[in-house]
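A.B. asks: Have a look at this one before I ask anything.
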Amino acid sequence: MSDISTTDITYPSVLLNFPAEKYHAVPAMSAGGLKRMAQSPAHYYGAQLDPDRPPPGDPTPAMAAGTLMHCALFEPDQVEARYVVRPDDLDGRSKAGKQWTAEQTRIVVDEQQMQVAQRQARAVQALPDVGALLSSGFGEASAFWRDEDTGALCKCRPDWTAPAGDGVILVDGKTCIDASPEGFARAIVNFGYHRAAAWYSDGYEQASGKPVYGYVFACAESAYPHAAAAYMLGDEDLERSRAHNRVMLNLYAECKRTGVWPGYPPGVQLIELPKWAR
């Protein structure tokens with residue numbers, strides 16, 4: 001799909017029932033874009049701006065499982081509209097199975113994948129505080145705003161937005177290997193969830209004009225019994241993440257102004273083994 005013109009979006013604004021494919025086509029900075037900028041501007045340009053970039057590949061099994069869980073948790077009424085379960089007696093590798101799959105207009109999953117997603121969703125919903133947040137509000141709102149310092153167009157799409165007095169609390173659903181405090185803290189760092197939390201919190205405030213009083217990670221483990229837990233980051237971690245996002249957004253604006261998107265430093269560099277290897 002070609003990019004949607006920025007003139008089609010009002011900045012700032014929050015749009016409900018805005019299709020995901022249209023949201024992703026809007027050429028604005030996102031949490032994922034900042035993550036690529038942190039790799040290098042060349043990574044961002046190559047993934048999102050290069051006219052010769054290859055088409056995106058299929059999602060990994062982990063990504064596909066996470067998307068299915070998100071739908072089961074935040075949009076349960078859309079599961080049947082988006083997914084179809086392959087019959088148990090139909091081998092997807094057989095000629096008949098491949099033909100059946102090709103005829104489907106919905107995403108094909110097997111019964112086990114569907115059961116895992118439903119169990120994960122139930123485990124998260126059973127957390128009292130998260131269940132209360134999910135009892136009212138709306139999912140997949142598309143938020144758009146213009147950064148005051150750089151003029152950059154920005155966006156985010158929270159999984160769930162729950163009312164909280166004159167503001168909101170955002171809920172982010174995650175699948176993970178280890179939902180313990182230590183295990184999920186590692187996942188937060190490894191996948192940059194802390195920076196996304198700051199980006200979504202700040203961005204939704206700017207787009208909606210409402211204060212964001214909390215950003216909750218609601219996570220469920222991939223393996224049975226799919227233990228679930230909910231976490232929030234402290235103010236100090238969010239402030240550090242916010243500062244990092246500002247540096248990356250400023251760098252993005254400068255690269256866009258100059259048309260120069262550098263990669264790794266040129267020349268031969270001295271490199272050291274990591275401390276754990278020594």
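By order in the structure tokens, chains are A, B, ...; within a chain, residues start at 1; ligands start at 1, following the order shown.
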Within 7 Å of stretch 44-55 of chain A, counting only C-alpha atoms, which residues qualify if same-chain residues fewer than 6 places away don't, as a tab-separated table (two decimals) with C-alpha atoms, in the first residue's frame?

C.D. replies:
```tsv
chain	number	residue	atom	x	y	z
A	33	GLY	CA	11.04	3.99	13.80
A	36	ARG	CA	15.63	1.68	13.98
A	37	MET	CA	17.15	5.14	14.37
A	261	TRP	CA	21.45	8.96	6.75
```

A.B. asks: What residues in stretch 121-275 of chain A get the DSSP label helix (DSSP H, G or I)? Please answer as a PyMOL selection string.

C.D. replies: chain A and resi 121-125+128-134+181-191+193-208+235-258+275

A.B. asks: Any idea what's packed within 12 Å of A:Pro76, counting only C-alpha atoms, ignoring anything in its chain fewer than 4 positions away? Could you give it as a list in words?

C.D. replies: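 Non-adjacent residues within range: Leu68, Met69, His70, Cys71, Ala72, Glu80, Ala81, Arg82, Tyr83, Met114, Ala117, Gln118, Ala121, Arg122, Gln125, Leu134 and Gly139 of chain A.
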
A.B. asks: How would the residues just picked look written out with N, CA, C and O atoms as a PDB file, in the first residue's frame?

C.D. replies:
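Here's the written file again_24.pdb:
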```
ATOM      1  N   LEU A  68      -1.932 -12.665  17.302  1.00  0.00           N
ATOM      2  CA  LEU A  68      -3.131 -13.438  17.594  1.00  0.00           C
ATOM      3  C   LEU A  68      -3.569 -13.229  19.041  1.00  0.00           C
ATOM      4  O   LEU A  68      -4.754 -13.034  19.333  1.00  0.00           O
ATOM      5  N   MET A  69      -2.612 -13.228  19.963  1.00  0.00           N
ATOM      6  CA  MET A  69      -2.944 -12.991  21.370  1.00  0.00           C
ATOM      7  C   MET A  69      -3.526 -11.593  21.566  1.00  0.00           C
ATOM      8  O   MET A  69      -4.499 -11.400  22.294  1.00  0.00           O
ATOM      9  N   HIS A  70      -2.949 -10.601  20.887  1.00  0.00           N
ATOM     10  CA  HIS A  70      -3.467  -9.235  20.977  1.00  0.00           C
ATOM     11  C   HIS A  70      -4.930  -9.185  20.549  1.00  0.00           C
ATOM     12  O   HIS A  70      -5.756  -8.528  21.189  1.00  0.00           O
ATOM     13  N   CYS A  71      -5.226  -9.845  19.459  1.00  0.00           N
ATOM     14  CA  CYS A  71      -6.598  -9.833  18.961  1.00  0.00           C
ATOM     15  C   CYS A  71      -7.536 -10.509  19.966  1.00  0.00           C
ATOM     16  O   CYS A  71      -8.621 -10.000  20.255  1.00  0.00           O
ATOM     17  N   ALA A  72      -7.096 -11.642  20.518  1.00  0.00           N
ATOM     18  CA  ALA A  72      -7.928 -12.362  21.485  1.00  0.00           C
ATOM     19  C   ALA A  72      -8.144 -11.557  22.758  1.00  0.00           C
ATOM     20  O   ALA A  72      -9.206 -11.640  23.383  1.00  0.00           O
ATOM     21  N   GLU A  80     -12.868 -14.182  14.974  1.00  0.00           N
ATOM     22  CA  GLU A  80     -13.442 -15.000  13.891  1.00  0.00           C
ATOM     23  C   GLU A  80     -13.397 -14.271  12.561  1.00  0.00           C
ATOM     24  O   GLU A  80     -13.320 -14.915  11.506  1.00  0.00           O
ATOM     25  N   ALA A  81     -13.438 -12.954  12.581  1.00  0.00           N
ATOM     26  CA  ALA A  81     -13.405 -12.194  11.327  1.00  0.00           C
ATOM     27  C   ALA A  81     -12.011 -12.211  10.704  1.00  0.00           C
ATOM     28  O   ALA A  81     -11.880 -12.092   9.477  1.00  0.00           O
ATOM     29  N   ARG A  82     -10.974 -12.367  11.521  1.00  0.00           N
ATOM     30  CA  ARG A  82      -9.602 -12.288  11.017  1.00  0.00           C
ATOM     31  C   ARG A  82      -8.911 -13.631  10.896  1.00  0.00           C
ATOM     32  O   ARG A  82      -7.959 -13.774  10.123  1.00  0.00           O
ATOM     33  N   TYR A  83      -9.379 -14.639  11.657  1.00  0.00           N
ATOM     34  CA  TYR A  83      -8.677 -15.921  11.697  1.00  0.00           C
ATOM     35  C   TYR A  83      -9.624 -17.082  11.389  1.00  0.00           C
ATOM     36  O   TYR A  83     -10.819 -17.029  11.686  1.00  0.00           O
ATOM     37  N   MET A 114      -4.615 -21.314  18.310  1.00  0.00           N
ATOM     38  CA  MET A 114      -5.784 -20.580  18.781  1.00  0.00           C
ATOM     39  C   MET A 114      -5.994 -20.796  20.277  1.00  0.00           C
ATOM     40  O   MET A 114      -6.289 -19.844  21.025  1.00  0.00           O
ATOM     41  N   ALA A 117      -3.475 -18.710  22.343  1.00  0.00           N
ATOM     42  CA  ALA A 117      -3.830 -17.299  22.384  1.00  0.00           C
ATOM     43  C   ALA A 117      -5.010 -17.045  23.325  1.00  0.00           C
ATOM     44  O   ALA A 117      -5.013 -16.074  24.095  1.00  0.00           O
ATOM     45  N   GLN A 118      -6.004 -17.913  23.277  1.00  0.00           N
ATOM     46  CA  GLN A 118      -7.166 -17.743  24.142  1.00  0.00           C
ATOM     47  C   GLN A 118      -6.789 -17.933  25.613  1.00  0.00           C
ATOM     48  O   GLN A 118      -7.265 -17.196  26.491  1.00  0.00           O
ATOM     49  N   ALA A 121      -4.891 -14.836  26.758  1.00  0.00           N
ATOM     50  CA  ALA A 121      -5.822 -13.724  26.971  1.00  0.00           C
ATOM     51  C   ALA A 121      -6.581 -13.895  28.285  1.00  0.00           C
ATOM     52  O   ALA A 121      -6.741 -12.935  29.053  1.00  0.00           O
ATOM     53  N   ARG A 122      -7.036 -15.111  28.569  1.00  0.00           N
ATOM     54  CA  ARG A 122      -7.767 -15.348  29.814  1.00  0.00           C
ATOM     55  C   ARG A 122      -6.868 -15.139  31.026  1.00  0.00           C
ATOM     56  O   ARG A 122      -7.313 -14.621  32.063  1.00  0.00           O
ATOM     57  N   GLN A 125      -6.577 -11.402  31.516  1.00  0.00           N
ATOM     58  CA  GLN A 125      -7.855 -10.851  31.982  1.00  0.00           C
ATOM     59  C   GLN A 125      -8.132 -11.217  33.432  1.00  0.00           C
ATOM     60  O   GLN A 125      -8.836 -10.476  34.140  1.00  0.00           O
ATOM     61  N   LEU A 134      -9.511  -3.300  31.490  1.00  0.00           N
ATOM     62  CA  LEU A 134     -10.079  -3.755  30.224  1.00  0.00           C
ATOM     63  C   LEU A 134     -11.610  -3.740  30.228  1.00  0.00           C
ATOM     64  O   LEU A 134     -12.221  -3.965  29.175  1.00  0.00           O
ATOM     65  N   GLY A 139      -9.792  -0.184  22.216  1.00  0.00           N
ATOM     66  CA  GLY A 139      -8.533  -0.733  21.732  1.00  0.00           C
ATOM     67  C   GLY A 139      -8.100  -0.136  20.405  1.00  0.00           C
ATOM     68  O   GLY A 139      -8.921   0.354  19.627  1.00  0.00           O
TER      69      GLY A 139
END
```

A.B. asks: What is the atom CA of A:Leu90-atom CA of A:Ala62 distance in Å, reported with one decimal?

C.D. replies: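 Atom-to-atom, atom CA of A:Leu90 to atom CA of A:Ala62, that is 23.3 Å.
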
A.B. asks: Env of stretch 162-172 of chain A: 8 Å cut, atoms = only C-alpha atoms, seq-sep filter 4 positions within chain, self excluded. Answer as number ranges by chain.

C.D. replies: A: 133-134, 136-138, 158, 201, 210-218

A.B. asks: Could you check the closest approach to A:Asp178 for each of A:His226, A:Arg240, A:Arg257, A:Arg93 and tell me which residue wins, using only C-alpha atoms?

C.D. replies: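 Checking each of A:His226, A:Arg240, A:Arg257, A:Arg93 against A:Asp178, counting only C-alpha atoms, the winner is A:His226.
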
A.B. asks: Figure out the distance between atom CA of A:Asp202 and atom CA of A:Lys155, please, to one decimal in Å.

C.D. replies: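 Separation between atom CA of A:Lys155 and atom CA of A:Asp202: 10.7 Å.
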
A.B. asks: Got a sec: who's within 9 Å of A:Ala253, counting only C-alpha atoms, leaving out chain neighbours fewer than 4 positions off, as a ChimeraX atom specification?

C.D. replies: /A:150-152,248-249,257-258

A.B. asks: Would you save the residues of that selection, restricted to C-alpha atoms, as a PDB file, in the first residue's frame?

C.D. replies:
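Output file out.pdb follows:
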```pdb
ATOM      1  CA  THR A 150      11.382  19.546  15.344  1.00  0.00           C
ATOM      2  CA  GLY A 151       8.051  19.774  13.530  1.00  0.00           C
ATOM      3  CA  ALA A 152       8.264  16.011  12.856  1.00  0.00           C
ATOM      4  CA  MET A 248      16.688  10.013  18.373  1.00  0.00           C
ATOM      5  CA  LEU A 249      13.878  12.309  17.210  1.00  0.00           C
ATOM      6  CA  ARG A 257      16.857  18.086   6.760  1.00  0.00           C
ATOM      7  CA  THR A 258      20.262  17.188   5.303  1.00  0.00           C
TER       8      THR A 258
END
```

A.B. asks: Could you name the residues that touch A:Gln112 at 12 Å or less, counting only C-alpha atoms, but leaving out those on the same chain fewer than 2 positions away, as an mmCIF file with N, CA and C atoms, in the first residue's frame?

C.D. replies:
```
data_model
loop_
_atom_site.group_PDB
_atom_site.id
_atom_site.type_symbol
_atom_site.label_atom_id
_atom_site.label_comp_id
_atom_site.auth_asym_id
_atom_site.auth_seq_id
_atom_site.Cartn_x
_atom_site.Cartn_y
_atom_site.Cartn_z
ATOM 1 N N ALA A 65 2.217 -15.110 16.671
ATOM 2 C CA ALA A 65 1.568 -15.542 17.906
ATOM 3 C C ALA A 65 1.190 -14.344 18.762
ATOM 4 N N VAL A 85 -9.480 -21.471 11.713
ATOM 5 C CA VAL A 85 -8.723 -22.598 12.241
ATOM 6 C C VAL A 85 -8.716 -23.731 11.219
ATOM 7 N N ARG A 86 -7.527 -24.222 10.912
ATOM 8 C CA ARG A 86 -7.388 -25.330 9.967
ATOM 9 C C ARG A 86 -7.986 -26.598 10.584
ATOM 10 N N PRO A 87 -8.821 -27.340 9.859
ATOM 11 C CA PRO A 87 -9.389 -28.585 10.391
ATOM 12 C C PRO A 87 -8.288 -29.554 10.824
ATOM 13 N N ASP A 88 -8.541 -30.277 11.922
ATOM 14 C CA ASP A 88 -7.530 -31.185 12.462
ATOM 15 C C ASP A 88 -7.129 -32.277 11.472
ATOM 16 N N VAL A 108 -4.808 -18.186 8.516
ATOM 17 C CA VAL A 108 -4.981 -19.583 8.892
ATOM 18 C C VAL A 108 -4.090 -19.924 10.087
ATOM 19 N N VAL A 109 -4.686 -20.487 11.128
ATOM 20 C CA VAL A 109 -3.940 -20.969 12.287
ATOM 21 C C VAL A 109 -4.439 -22.365 12.619
ATOM 22 N N ASP A 110 -3.635 -23.120 13.374
ATOM 23 C CA ASP A 110 -4.121 -24.433 13.795
ATOM 24 C C ASP A 110 -4.802 -24.311 15.160
ATOM 25 N N MET A 114 -4.615 -21.314 18.310
ATOM 26 C CA MET A 114 -5.784 -20.580 18.781
ATOM 27 C C MET A 114 -5.994 -20.796 20.277
ATOM 28 N N GLN A 115 -5.830 -22.033 20.732
ATOM 29 C CA GLN A 115 -6.016 -22.313 22.154
ATOM 30 C C GLN A 115 -4.990 -21.576 23.006
ATOM 31 N N VAL A 116 -3.749 -21.537 22.546
ATOM 32 C CA VAL A 116 -2.702 -20.827 23.291
ATOM 33 C C VAL A 116 -3.072 -19.349 23.432
ATOM 34 N N ALA A 117 -3.475 -18.710 22.343
ATOM 35 C CA ALA A 117 -3.830 -17.299 22.384
ATOM 36 C C ALA A 117 -5.010 -17.045 23.325
ATOM 37 N N GLN A 118 -6.004 -17.913 23.277
ATOM 38 C CA GLN A 118 -7.166 -17.743 24.142
ATOM 39 C C GLN A 118 -6.789 -17.933 25.613
ATOM 40 N N ARG A 119 -5.914 -18.890 25.895
ATOM 41 C CA ARG A 119 -5.473 -19.108 27.281
ATOM 42 C C ARG A 119 -4.649 -17.935 27.778
ATOM 43 N N ALA A 223 4.687 -20.415 27.087
ATOM 44 C CA ALA A 223 4.537 -21.826 27.423
ATOM 45 C C ALA A 223 3.443 -22.030 28.472
ATOM 46 N N TYR A 224 2.805 -23.188 28.396
ATOM 47 C CA TYR A 224 1.775 -23.556 29.378
ATOM 48 C C TYR A 224 2.388 -23.560 30.769
#
```

A.B. asks: Tell me, as a list in words, which residues lie within 8 Å of A:Ala141, counting only C-alpha atoms; anything in the same chain fewer than 3 positions away does not count.

C.D. replies: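 The filter keeps Val14, Leu15, Leu16, Asn17, Phe18, Phe138, Arg157, Pro158, Asp159, Trp160 and Thr161 of chain A.
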
A.B. asks: Return as a list in words the full set of residues in stretch 119-184 of chain A whose backbone-based DSSP assignment is strand (DSSP E).

C.D. replies: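 Here are the strand (DSSP E) residues of stretch 119-184 of chain A: Phe138, Gly139, Ser142, Ala143, Phe144, Trp145, Arg146, Leu153, Cys154, Lys155, Cys156, Trp160, Thr161, Ala162, Pro163, Ala164, Gly167, Val168, Ile169, Leu170, Val171, Asp172, Gly173, Lys174, Thr175 and Cys176 of chain A.
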
A.B. asks: Please, what distance in Å, to one decimal, runs between atom CA of A:Ala126 and atom CA of A:Gly234?

C.D. replies: 23.9 Å

A.B. asks: Between A:Val268, A:Cys255, A:Val189, A:Ala179, which is the closest to A:Glu221 once you count only C-alpha atoms?

C.D. replies: A:Ala179

A.B. asks: Tell me which of A:Pro12, A:Trp145, A:Leu233, A:Ser222 sits closest to A:Ala123, counting only C-alpha atoms.

C.D. replies: A:Ser222

A.B. asks: From the set A:Arg242, A:Lys35, A:Lys174, A:Arg146, which residue has the shortest atom-to-atom contact distance to A:Tyr200, counting only C-alpha atoms?

C.D. replies: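 Counting only C-alpha atoms, the residue closest to A:Tyr200 is A:Arg242.
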
A.B. asks: In terms of the shortest atom-to-atom distance over only C-alpha atoms, which of A:His24, A:Asp149, A:Arg106, A:Ala42 is closest to A:Val247?

C.D. replies: A:Asp149
